[in-house]
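Student: What follows is start08.txt, made up of compact mmCIF, C-alpha atoms:
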```
# COMPACT_ATOMS: atom_id res chain seq x y z
CA HIS C 258 -44.86 -7.13 -5.28
CA VAL C 259 -41.28 -7.08 -3.93
CA PHE C 260 -39.14 -10.22 -3.80
CA VAL C 261 -36.33 -10.32 -1.22
CA GLY C 262 -33.41 -12.73 -1.35
CA ALA C 263 -31.72 -12.17 2.02
CA LYS C 264 -32.33 -9.71 4.81
CA ASP C 265 -29.76 -7.05 5.63
CA ILE C 266 -28.28 -8.34 8.89
CA ASN C 267 -26.94 -4.92 9.91
CA PRO C 268 -28.74 -4.37 13.26
CA LEU C 269 -29.14 -0.67 12.43
CA VAL C 270 -31.45 -1.42 9.52
CA ALA C 271 -32.36 -5.12 9.72
CA GLY C 272 -35.94 -5.65 8.62
CA GLY C 273 -36.76 -1.95 8.51
CA GLY C 274 -37.19 -1.70 4.76
CA ILE C 275 -39.39 -4.79 4.57
CA ARG C 276 -41.56 -3.50 7.40
CA GLN C 277 -42.03 -0.11 5.71
CA LEU C 278 -43.04 -1.77 2.45
CA ARG C 279 -45.64 -3.93 4.18
CA GLU C 280 -46.98 -0.96 6.14
CA GLN C 281 -47.69 0.68 2.77
CA GLY C 282 -49.65 -2.34 1.60
CA ILE C 283 -46.94 -3.76 -0.67
CA LEU C 284 -46.73 -7.55 -0.90
CA VAL C 285 -43.26 -8.81 0.11
CA THR C 286 -41.97 -12.35 -0.46
CA GLU C 287 -38.79 -13.22 1.44
CA GLY C 288 -36.15 -15.93 0.98
CA VAL C 289 -36.08 -15.99 -2.83
CA LEU C 290 -32.78 -17.68 -3.82
CA GLN C 291 -31.67 -16.94 -0.26
CA GLU C 292 -28.59 -19.19 -0.28
CA GLU C 293 -27.32 -17.64 -3.53
CA CYS C 294 -27.96 -14.11 -2.24
CA GLU C 295 -26.20 -14.77 1.06
CA TYR C 296 -23.19 -16.14 -0.85
CA GLN C 297 -23.11 -13.05 -3.08
CA ASN C 298 -23.07 -10.83 0.01
CA ARG C 299 -20.76 -13.05 2.10
CA VAL C 300 -18.07 -10.36 2.49
CA PHE C 301 -20.51 -7.78 3.88
CA PHE C 302 -22.31 -10.29 6.11
CA HIS C 303 -19.02 -11.56 7.58
CA TYR C 304 -17.87 -8.04 8.41
CA ILE C 305 -21.20 -7.03 9.98
CA GLN C 306 -21.33 -10.18 12.12
CA THR C 307 -17.68 -10.30 13.24
CA LYS C 308 -16.33 -6.75 12.76
CA LEU C 309 -13.35 -8.46 11.10
CA PRO C 310 -12.24 -8.22 7.46
CA TYR C 311 -13.17 -11.05 5.10
CA VAL C 312 -9.80 -12.39 3.95
CA ARG C 313 -9.38 -13.90 0.48
CA MET C 314 -6.06 -15.66 -0.11
CA LYS C 315 -5.11 -15.42 -3.79
CA TYR C 316 -2.17 -16.97 -5.58
CA ALA C 317 -1.13 -18.18 -9.02
CA MET C 318 0.78 -21.40 -9.51
CA THR C 319 1.89 -23.79 -12.20
CA LEU C 320 0.42 -27.24 -12.72
CA ASP C 321 3.23 -28.65 -10.58
CA GLY C 322 2.46 -26.25 -7.75
CA LYS C 323 5.16 -23.57 -8.17
CA ILE C 324 4.70 -19.83 -7.63
CA ALA C 325 8.12 -19.04 -9.11
CA SER C 326 10.89 -20.79 -10.97
CA ALA C 327 13.92 -22.18 -9.12
CA SER C 328 15.71 -18.88 -9.86
CA GLY C 329 12.86 -16.90 -8.29
CA LYS C 330 11.28 -15.54 -11.49
CA SER C 331 7.47 -15.34 -11.45
CA LYS C 332 6.39 -13.00 -14.27
CA TRP C 333 4.17 -14.19 -15.65
CA ILE C 334 2.69 -17.49 -14.47
CA THR C 335 -0.88 -16.79 -15.58
CA GLY C 336 -2.19 -15.15 -18.74
CA GLU C 337 -3.70 -11.72 -19.32
CA ALA C 338 -7.31 -12.77 -18.61
CA ALA C 339 -6.45 -14.07 -15.14
CA ARG C 340 -4.34 -11.00 -14.34
CA GLU C 341 -7.19 -8.71 -15.39
CA GLN C 342 -9.59 -10.62 -13.15
CA VAL C 343 -7.20 -10.14 -10.23
CA HIS C 344 -7.11 -6.38 -10.83
CA ARG C 345 -10.92 -6.31 -10.77
CA MET C 346 -10.66 -8.15 -7.45
CA ARG C 347 -8.30 -5.48 -6.15
CA HIS C 348 -10.93 -2.89 -7.05
CA GLU C 349 -13.66 -4.83 -5.22
CA MET C 350 -11.73 -5.53 -2.01
CA THR C 351 -11.05 -2.82 0.57
CA GLY C 352 -7.44 -3.76 1.26
CA ILE C 353 -4.57 -5.78 -0.19
CA MET C 354 -1.96 -7.41 2.07
CA VAL C 355 1.57 -8.69 1.41
CA GLY C 356 4.66 -9.44 3.46
CA ALA C 357 7.96 -7.59 3.62
CA ASP C 358 9.68 -10.25 1.49
CA THR C 359 7.30 -9.56 -1.41
CA VAL C 360 8.02 -5.83 -1.25
CA ILE C 361 11.78 -6.39 -1.11
CA ALA C 362 11.80 -8.95 -3.92
CA ASP C 363 9.26 -7.41 -6.35
CA ASP C 364 8.93 -3.72 -5.38
CA PRO C 365 5.22 -3.84 -6.32
CA MET C 366 2.72 -0.98 -6.45
CA LEU C 367 -0.28 -3.09 -5.35
CA ASN C 368 -2.69 -0.80 -7.17
CA CYS C 369 -5.50 -1.44 -9.63
CA ARG C 370 -4.40 -0.90 -13.21
CA LEU C 371 -7.83 -0.90 -14.83
CA PRO C 372 -9.70 2.27 -15.94
CA GLN C 373 -12.33 3.79 -13.64
CA THR C 374 -11.39 1.67 -10.64
CA LYS C 375 -10.19 2.43 -7.12
CA ASP C 376 -6.98 1.32 -5.46
CA PRO C 377 -7.15 -0.85 -2.33
CA VAL C 378 -5.59 0.13 0.97
CA ARG C 379 -2.09 -1.37 0.96
CA ILE C 380 -1.15 -3.40 4.04
CA VAL C 381 2.42 -4.66 4.50
CA CYS C 382 3.33 -7.09 7.29
CA ASP C 383 6.87 -6.11 8.24
CA THR C 384 7.88 -7.45 11.65
CA THR C 385 11.11 -5.45 12.02
CA LEU C 386 10.46 -2.52 9.63
CA ARG C 387 12.93 -3.58 6.96
CA ILE C 388 11.21 -2.67 3.69
CA PRO C 389 13.30 -0.03 1.91
CA LEU C 390 12.29 3.60 2.28
CA LYS C 391 13.00 3.86 -1.47
CA SER C 392 10.45 1.16 -2.31
CA ARG C 393 7.57 2.28 -4.49
CA ILE C 394 5.05 1.47 -1.78
CA VAL C 395 6.69 3.84 0.69
CA GLN C 396 7.42 6.53 -1.91
CA THR C 397 3.75 6.63 -3.04
CA ALA C 398 2.12 6.37 0.39
CA GLU C 399 0.81 9.93 0.11
CA ASP C 400 -1.12 8.95 -3.02
CA GLN C 401 -2.41 5.51 -1.97
CA ASN C 402 -3.44 4.69 1.59
CA THR C 403 -0.65 2.53 3.03
CA ILE C 404 -0.47 0.67 6.34
CA ILE C 405 2.63 -1.09 7.67
CA ALA C 406 1.99 -3.62 10.44
CA THR C 407 5.02 -4.27 12.60
CA CYS C 408 6.27 -5.37 16.00
CA CYS C 409 9.04 -2.76 15.93
CA GLN C 410 8.64 -0.09 18.62
CA ASP C 411 11.62 2.05 17.61
CA GLU C 412 10.00 5.49 17.44
CA ALA C 413 12.77 7.00 15.30
CA LYS C 414 12.47 4.19 12.79
CA ILE C 415 8.68 4.50 12.72
CA ARG C 416 8.89 8.24 12.05
CA GLU C 417 11.02 7.61 8.95
CA TYR C 418 8.09 5.75 7.35
CA GLN C 419 5.51 8.18 8.67
CA LYS C 420 7.32 11.04 6.90
CA TYR C 421 6.26 9.48 3.59
CA GLY C 422 2.62 9.10 4.67
CA CYS C 423 2.69 5.48 5.87
CA ARG C 424 0.45 4.61 8.79
CA ILE C 425 2.12 2.27 11.29
CA ILE C 426 0.19 -0.34 13.27
CA VAL C 427 2.20 -1.99 16.07
CA THR C 428 1.12 -5.43 17.28
CA GLU C 429 2.46 -7.92 19.77
CA HIS C 430 4.63 -10.80 18.56
CA ALA C 431 2.94 -14.05 17.50
CA ASP C 432 5.62 -16.71 17.03
CA GLY C 433 8.11 -13.94 16.29
CA LYS C 434 5.93 -12.26 13.68
CA VAL C 435 3.12 -9.71 13.43
CA ASP C 436 0.05 -10.90 15.34
CA LEU C 437 -2.36 -11.31 12.40
CA LYS C 438 -5.41 -11.79 14.62
CA GLU C 439 -4.74 -8.51 16.39
CA LEU C 440 -4.05 -6.83 13.05
CA MET C 441 -7.43 -7.98 11.69
CA ARG C 442 -9.17 -6.55 14.74
CA GLN C 443 -7.52 -3.18 14.19
CA LEU C 444 -8.25 -3.18 10.46
CA GLY C 445 -11.88 -4.09 11.11
CA ALA C 446 -12.20 -1.26 13.63
CA ASP C 447 -10.91 1.08 10.91
CA GLY C 448 -13.70 0.03 8.53
CA ILE C 449 -11.62 -2.27 6.31
CA GLU C 450 -14.21 -4.95 5.59
CA SER C 451 -12.23 -7.13 3.18
CA VAL C 452 -8.59 -7.97 2.48
CA LEU C 453 -7.07 -9.60 -0.59
CA LEU C 454 -4.07 -11.58 0.63
CA GLU C 455 -1.41 -11.64 -2.10
CA GLY C 456 1.41 -12.62 0.19
CA GLY C 457 4.27 -15.00 -0.31
CA ALA C 458 4.41 -18.58 0.92
CA MET C 459 5.34 -17.74 4.53
CA LEU C 460 2.64 -15.10 5.00
CA ASN C 461 0.07 -17.47 3.47
CA TRP C 462 0.99 -20.14 6.01
CA SER C 463 0.94 -17.66 8.89
CA ALA C 464 -2.52 -16.47 7.81
CA LEU C 465 -3.84 -20.04 7.65
CA GLU C 466 -2.29 -20.88 11.01
CA ALA C 467 -3.79 -17.74 12.58
CA GLY C 468 -7.23 -18.70 11.29
CA ILE C 469 -7.89 -15.41 9.48
CA VAL C 470 -8.43 -16.82 5.96
CA ASN C 471 -12.05 -17.12 4.82
CA GLU C 472 -11.61 -18.01 1.17
CA VAL C 473 -8.96 -19.22 -1.29
CA TYR C 474 -8.61 -18.28 -4.97
CA ALA C 475 -5.99 -20.44 -6.70
CA TYR C 476 -5.16 -19.75 -10.34
CA VAL C 477 -3.54 -22.76 -12.00
CA ALA C 478 -1.57 -22.25 -15.21
CA PRO C 479 -1.05 -25.12 -17.68
CA LYS C 480 2.72 -24.99 -17.19
CA LEU C 481 5.37 -27.07 -15.42
CA PHE C 482 8.36 -25.34 -13.80
CA GLY C 483 9.98 -28.21 -11.96
CA GLY C 484 12.76 -27.54 -9.47
CA ALA C 485 13.00 -29.10 -6.04
CA ASP C 486 13.75 -25.70 -4.51
CA ALA C 487 11.13 -23.72 -6.46
CA LYS C 488 8.63 -22.17 -4.06
CA SER C 489 5.08 -23.42 -3.55
CA PRO C 490 2.13 -21.19 -2.51
CA VAL C 491 2.18 -22.16 1.17
CA ALA C 492 5.35 -22.71 3.22
CA GLY C 493 5.75 -23.02 6.98
CA ILE C 494 5.89 -26.32 8.84
CA GLY C 495 2.67 -27.57 7.28
CA VAL C 496 0.25 -30.10 8.76
CA ASP C 497 1.33 -33.45 10.21
CA TYR C 498 -1.30 -35.66 8.61
CA PRO C 499 -3.51 -35.46 5.50
CA ASP C 500 -6.57 -35.41 7.79
CA ASP C 501 -5.23 -32.16 9.28
CA ALA C 502 -5.37 -30.35 5.92
CA TYR C 503 -7.07 -27.01 5.47
CA CYS C 504 -10.05 -27.90 3.28
CA LEU C 505 -12.26 -25.88 0.95
CA VAL C 506 -16.04 -26.08 0.76
CA SER C 507 -18.49 -24.59 -1.76
CA GLN C 508 -15.79 -25.05 -4.41
CA ARG C 509 -16.13 -23.72 -7.91
CA VAL C 510 -13.95 -24.17 -10.97
CA GLN C 511 -13.79 -21.58 -13.75
CA GLN C 512 -11.84 -21.30 -16.98
CA VAL C 513 -10.10 -17.90 -17.15
CA GLY C 514 -8.39 -17.56 -20.51
CA GLU C 515 -5.88 -20.39 -20.70
CA ASP C 516 -5.82 -20.78 -16.90
CA ILE C 517 -8.10 -22.47 -14.37
CA LEU C 518 -9.45 -20.79 -11.22
CA ILE C 519 -10.23 -23.05 -8.27
CA ALA C 520 -12.02 -21.15 -5.49
CA GLY C 521 -13.76 -22.06 -2.28
CA GLU C 522 -14.46 -21.06 1.28
CA LEU C 523 -12.15 -22.36 3.97
CA LYS C 524 -13.78 -24.95 6.20
CA ASN C 525 -13.50 -24.19 9.91
CA LYS C 526 -10.99 -26.52 11.56
```
As structure tokens - that is how I would like this structure written.
Tutor:
Amino acid sequence: HVFVGAKDINPLVAGGGIRQLREQGILVTEGVLQEECEYQNRVFFHYIQTKLPYVRMKYAMTLDGKIASASGKSKWITGEAAREQVHRMRHEMTGIMVGADTVIADDPMLNCRLPQTKDPVRIVCDTTLRIPLKSRIVQTAEDQNTIIATCCQDEAKIREYQKYGCRIIVTEHADGKVDLKELMRQLGADGIESVLLEGGAMLNWSALEAGIVNEVYAYVAPKLFGGADAKSPVAGIGVDYPDDAYCLVSQRVQQVGEDILIAGELKNK
């Protein structure tokens, strides 16, 4: 007797396994904990249905909503347990995306620093190709798959990055920046089924505005930074009215070490 939670919606195989079992005289019961199973497989189902990556926006902030101090320092807002969970997330997601400002300010590696794990494909949104060639992301592009999305069409400039193994994706402008919708279509066509968005405040707003974010993971540390000019997780012009807010559904709250994780799917506007 086989119990099935949710059918595989891939049209190449949908229902085939269940049919073969029944043809062999095996009793099959479908829809067992179906809602829970569909939630567990939400990344795969989204990609199969839309051919677009499932985008999870992740950020860490203080209790007063800051992602860095007024001087720009951000290491570390959350504790070790939360940071380890994020590295497991990097292992689980196909790609990780940041903006050029993050690369210039932090010079990150964007890899997974846990044993026996894989590194995600690195995706940098860099409208004018201004991240330094000496940055660690460019210098290690031969070792870790790296994509730079840009609007720059200067072939000589593009070749400089390609020499180090970077793949360049050129999109049209969208409000003077990389067209994130077009970028998602290209990434999906390349088989990138999920993206962990670890961008700064401006890229987070652009992603929300473009409608590409499916889920938000917000880690909240029991700290207060203060500072009128200290950055918050989402910048941009913001919404006009509270009723225009981007809202989460299916929320869950989890204690992670000394920090709190608030996660939920983004409600369609």
Student: Skip C:Ala485 itself and residues of its chain fewer than 5 positions away, then list as a PyMOL selection string all residues within 10 Å of it, counting only C-alpha atoms.
Tutor: chain C and resi 323+326-327
Student: C:Ile305, C:Leu518, C:Val360, C:Cys369: which is nearest C:Val395, counting only C-alpha atoms?
Tutor: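 That would be C:Val360, the residue with the smallest distance to C:Val395.
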Student: Near stretch 489-499 of chain C, counting all atoms listed in the file, which residues have an atom at most 12 Å away, once you skip same-chain residues fewer than 4 positions from it, shown as a VMD selection string?
Tutor: chain C and resid 314 to 327 329 331 432 454 to 466 473 to 477 482 to 485 503 to 504
Student: Could you check the closest approach to C:Thr307 for each of C:Leu284, C:Val435, C:Met441, C:Leu453 and tell me which residue wins, using only C-alpha atoms?
Tutor: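 Distance minimum relative to C:Thr307 lands on C:Met441.
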Student: Return the single residue from C:Arg313, C:Lys308, C:Arg424, C:Lys480 that is closest to C:Gly445, with distances computed using only C-alpha atoms.
Tutor: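 Selected residue with least distance to C:Gly445: C:Lys308.
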Student: Which of these, C:Thr359, C:Glu337, C:Pro310, C:Ile388, has the shortest distance to C:Leu437 once you count all atoms listed in the file?
Tutor: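 Closest to C:Leu437, using all atoms listed in the file: C:Pro310.
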